[in-house]
Amino acid sequence: MAASSATDHASKLLEVEDSVKKKLKTVRESIIDDTKDEDILDYLRDVCKFQLQFQEDNVRNQREHIIQLIANTHEKDISSAIRHLANKTLENYKSWYTHSKSWIDDEHSKSRIDDKHSKSDQHSFKGDDHLMSLCLYLLIWGEAANLRFMPECLCFIFHKMKTSIIRHNAKAKNGFLESVITPVYSILKEEKDRKPSPIISHRRIANYDDLNELFWSSQCLKVFTWDDNNLSLVITVPGLEKWRRKKKVNFIEHRTFLHIFHSFHRLWIFFTIMLQALLIIAFTQSLKLKYLLLFGPTHAFLMFFQSTLDIVFTYGAYVKHNVRIALQFLFYGVATGIQTFLSIKSFQENEPETSVDYFKIYEYVASFYLVAHLAHAIGHSLLSFFPTDKGKSVTWLKWIFKERYFIGSGMQVRPLDFLKYASFWIVLLAAKFFVSYKTQIVPLVKPTRSIIMMRDANYVWHDFISKNHYNILTVAALWTPVVLESICFHTLMKIYFLDTQIWYVVFSAILGCVTGGIAHLGEMRSMYMFAKQFRRMPKHFEKRLVEGSGEPVFYKCWNELISKLREEDYLSDNEKELFVMPPPKEFTIGNGAVNVNRWPLFIVVNEVQLAVSLADRKDHNELLRSLSKEGYLRDAIKEIFFTVGEILDRLGVWTNELKEKYYNNWKHGIYNEEATHLLKMRIPITSPMVQNLLDDKTLHVNWNDQELNTLSVEKLRLEKMLNGTTNVLDVPRNGEARRRLLFFGNSLLMKMPKPPSVDRMLSFSVLTPYLDEEVVYSTNDLHTKNKDGITTLYYLQLVYSDEWENFNERMEKKRIGKKSLPEDDDEIRLWASYRGQTLARTVRGMMYYYDALKFQHTGGDGDELIDLVPAQKFTYIVAAQRYGEFIKTKHTKANDINFLMKKHPLLRVAYIDVGNDGKTHSSKLAMLDGKDIKTIYSIELPGDFRIGEGKPENQNHAIIFTRGEALQTIDMNQDNYFEEALKMRNLLEEFRPPHKKPDRQVPTILGVREHVFTGSVSSLAWFMSNQETTFVTLSQRVMANPLKIRMHYGHPDVFDRIFHITRGGISKASRTINLSEDIFAGYNSTLRGGMVTHHEYIQVGKGRDLGLNQISAFEAKVSSGNGEQILSRDVYRLARFFDFWRMLSFYYTSVGFYISTAMIVVALYAYLYGKVYMVLSGVEKDMLTKARIEGNNALESVLATQAIFQYGFLNCAPMVTGYILEQGFLKYRSTGRGFVIEHVHFAENYRFYSRSHFVKGLEIAMLLFVYVVYGAQRTRKGYVLLALDIGFLAICWLYAPFFFNPLSFEWQKTVEDITNWNNWLTNKSHSAPDYESWATWWEKRTDLMGFRARAVECILSLRFFLIQFGVAYHLRSGVGTISLLVYASSWVLFVCIGLLVAFLSLSPRSSNKLRFVHFLAFIVLLAAFITGCVFTLRLQVLDVIASILALIPTGWGILSLANHGSRRRGCGGSCPSGPGATTSAWAT
């Protein structure tokens, strides 16, 4: 594609654009009577009587934007298009005005209103109000900078400006940016510039949402006032002071786990009440009313707790719902007190008769409470079908049943959708509760009773609680895992609160597999299946991807696809010839004409060879039977017959008799037995006579070059058909080419909207944020060896060996005998870059959209360098925020980006330019103009654009340069394919309602399937890619339908652009709280009445992390993002506004997954510590002995765990089912090492995995060792399985980072690791980087912990002393006594050992003699200590070993308390610099 001038492109708009420009001028002329050759946008810019001063480039940018929007909106006429766009753009403003009308109008009534304006026109412009309002709003939005994240703030500004233009005759004192945007920006900047703490305290910092929600109520008027005289926004001093004190609006993001209950209280209340019900049924075997009424106090208390949290999380903020919160708090407080009192009175026995029948009163109170909450639950669900604007009655009811904000009122669903996802959860929960009751609750009932009634349990230690209180700790040790991660002691390890996640995974896997099969996914799993169905593809192509006449037919599209695959080096030249499809041909033989379908060689070669083999075997009947059916064989034989006949006829060497016999009566010629003789002879084309005729130049001396070329091509095709031997399963050799062909063919069978013509399709943009990642690999990058001696190019040549061969073959054809070409280096760089996760790969992929649209617009025959219609429909912006910095510093990445712009002339780059003073910031747009890169727009910003999270801020500054009605967000590590770009018209049609149902709600975000292209480089990358592919396919398929809960999980989703730019953008950017910025776009869209769907007939490529450290970092980022989501107001509101069933879906598909994962780890600890408690206390051995004597099998079963079956593998069920659905039962073969080809030092791995893997693995191994040593049932099968099961988990946590670390087991690398590890541990400098000093690393880690986190860590550290307490009473010297003196003596032993170690560490370094004396003294003290232990404490050898075992967790606990309990930085201020530094490092 040659270079195109940006100015030429702007000047050559279609005729409809000229009409739009005339309309803009007409509107201005209806307002201002002068002769200026200007339009309405110029009027809004520089008529200072009415309007503020917008920036020149902002007006030019929005002029292009508005003209293209109107030109691409295909309404009946331009006026209808303008009305449609204005209504859609101002839809959010109208909703805000309706919501704020009371206070905004009251405020206006106090202002001066010009008498010449009547009430009827006080909110309307003269002339075309729709166009004026549209222009004004987009000009405000185009210059709003960071305020674009605050849509209601923009609505406020728009309302004030519009009113000022219509009502007042004032002059603007300063420009719009300075007068209106900067005051609000200054408040945001003030919050950003506050000294950040290691952990952001959200409750002390105002974010974008806080300031935006201030404009939901009249509170904004106390902070901001509008100056009609100067047309500016003014901050009031009292209002600003109050804002600085409060800062939070409607919600405070306290950093506490209580948000889990606060947001999803209905879920936790439901499961708690159901657990209570199951326990009542299990223990009483009845459902008496007396017991059922116990649900009342439970529910009331939990709701009272919820109401308390409502107050806590809104106290001190601007809150609109104070009355509702207070009433709710009082109601549930009173209900809890009354019901608890009546419940206790009703259950009291042996009381004297009284005149008050408490149970009867309790019945009435409970009945009233139950009816009220049933009505609440039903009303909450039913109101989901009604938007708030259905009337005051609905609004009032929603105030009762739900919190009411400006957002959240349009989240209704269709009754059919409600029925589908409600049925899903009813069936799932029914299965869950049935299995939980039978396998979790019932087996523990009898053992629990036995344990409680066992009064003479023998505790070997000093028991404080259990012995005289029904063995309560033993019961807790059994039931705590039941509540967290319930143990089914016969065979299974199950969950009560957590197994719902497992049930959801299994149900969603089954449902997703079924719905995928119904949608024809996986119908073509191999090239054999592809070839069998290829005959149907032209028909499906015409039905799915062709709008009408003039568009390319299937064979053109197919051949273009094959050409693209060859250009990308996925096919060789020979494979390209096999896959090229000739067009259907009409053969003329004599006076007749016959139409013959011609198929690619990779299909027909096998068919012809089959026919030849049948002829060789003289199997005439089978051959004739095959020829009589419609199929590839018949078409191939017909093609051979008529091609040969046509060639010989044109050469003039065949007689009329032969024509008559074989070709004029062609059916007889093919179907009679003579056909077999022709096949046996391989058709006369192979005979020397015909070959000589074809080669004889004298016979066709008068033929032109085209005729000769056609003859040569047909001859070559015939030779390959007759002599070729191609196995359809072996081509193409490249796996990626095979996958793309299979998916394209499969997608043609799937349901998709009919596409419009290119000139009538929706226009769209693609936006890619870029920071400083690789653009194009440099020659130096490719040839530089790493420390292991491997170059990037060498590695890529090994991994993609077939593609490298294809590349060399392609370059050889270009060179035409030359050894090299000047562009060889660039071609190699591009080849390598297209196989990495680079910007070059992403840009090439996205520009396929233009290629596809041009191909479809021209019918595959276009030869224009730039086709204006596709160029109008598609815009591609790369938001390279540092591009200006790269230019100034002459960074190579600036040249690389320029290289991409010259290679792809329609590429535009948006970037931030910082002035020489460092204070002026501008958002600029650069593109190719002729042969030079020029800046075409430059819009000044109020300051540094980086107020919040970097990526959404980068997207926000560039979004003003996007165009069209749709916007696709693409990450820097993504790819696209030509064949998928052909389906973009179909996808965009999803935004339009069906013709038969024009009122149906249309989606606002279109979810798109992803293919993870990095799965072929290693086994770890393969597993990661399959897991990720499952999430973006099967999981999101179920989330979209039937659950109606799909959000935006990153790219490459397509947004309704106008909907989102008027509602806060395509992501959220508040610092830290919006760490997972993408998903908040889905939250925001849903809360504002949008709908998210998922479509799998189109896909986009996606790169993922390949090494274990990279994958872990990605998972950590996602997990951290989910932790922040739990604190957010978006999750809280969604959980509150959804009906119960949809709320369940939301929980288990978002934050619930991570909560469940964390609780599984907690449950594992609870289970192991419970087991250790029972074996160290001696109660397990005692109760097991008594159970065997008494024949109590139930108790014995509980105490003697037979097997524990980890259910975590069921989380892989969707991946397995999705893999089987789309690829069949294929055997995986490892492809070698991944991109991570450098060895990572152990010290770095330790820093990365210390808290998440190593510490937990060591603790689990320690607990398991204690259980194995002191357990009472070591010979039982279940005991061994338990040890193996949890031992395997500990090994995985401890050694996985080594297994997936390249060269981990090389001896030289091991030596280097030990040296590096020792240097890191012994470096005590606090100023060294954390990768050089353990002390610095520890300080940075502990700096992230606040007071509450330290307090919790200190409390949890006390668990380590349990082991010492138990081991002390198992020493031979302590057997038979439970006195606390035994425990005290263990501390004496610990102190003595500590003193000995300290004495040894104080070895003098000045003299060898002194060292020898010190060593002898140590030996004497050690001997004295051992003698004292043996004769005083009567310790045996096993006692010494046990004491050492107990010292490990005790020392661990002391160090942990010292590290977390100290107020000083680091580990108590002493460990890093004292003699215990190394010991503490090993412990932590």
# chains A, B, ... in the order shown; residues from 1 in each chain; ligands from 1

call {"tool": "select_by_dssp", "arguments": {"residues": "region 774-1008 of chain A", "states": "alpha helix (DSSP H)", "output": "PyMOL selection string"}}
result
chain A and resi 779-783+792-799+801-815+824-833+839-858+868-873+883-889+892-903+950-958+978-981+984-988

call {"tool": "closest_residue", "arguments": {"among": "A:Leu429, A:Ile1126, A:Val180, A:Leu982", "to": "Asp227 (chain A)", "atoms": "only C-alpha atoms"}}
result
A:Val180

call {"tool": "closest_residue", "arguments": {"among": "A:Ile1160, A:Ala981, A:Val766, A:Ala1081", "to": "Met1047 (chain A)", "atoms": "only C-alpha atoms"}}
result
A:Ala1081
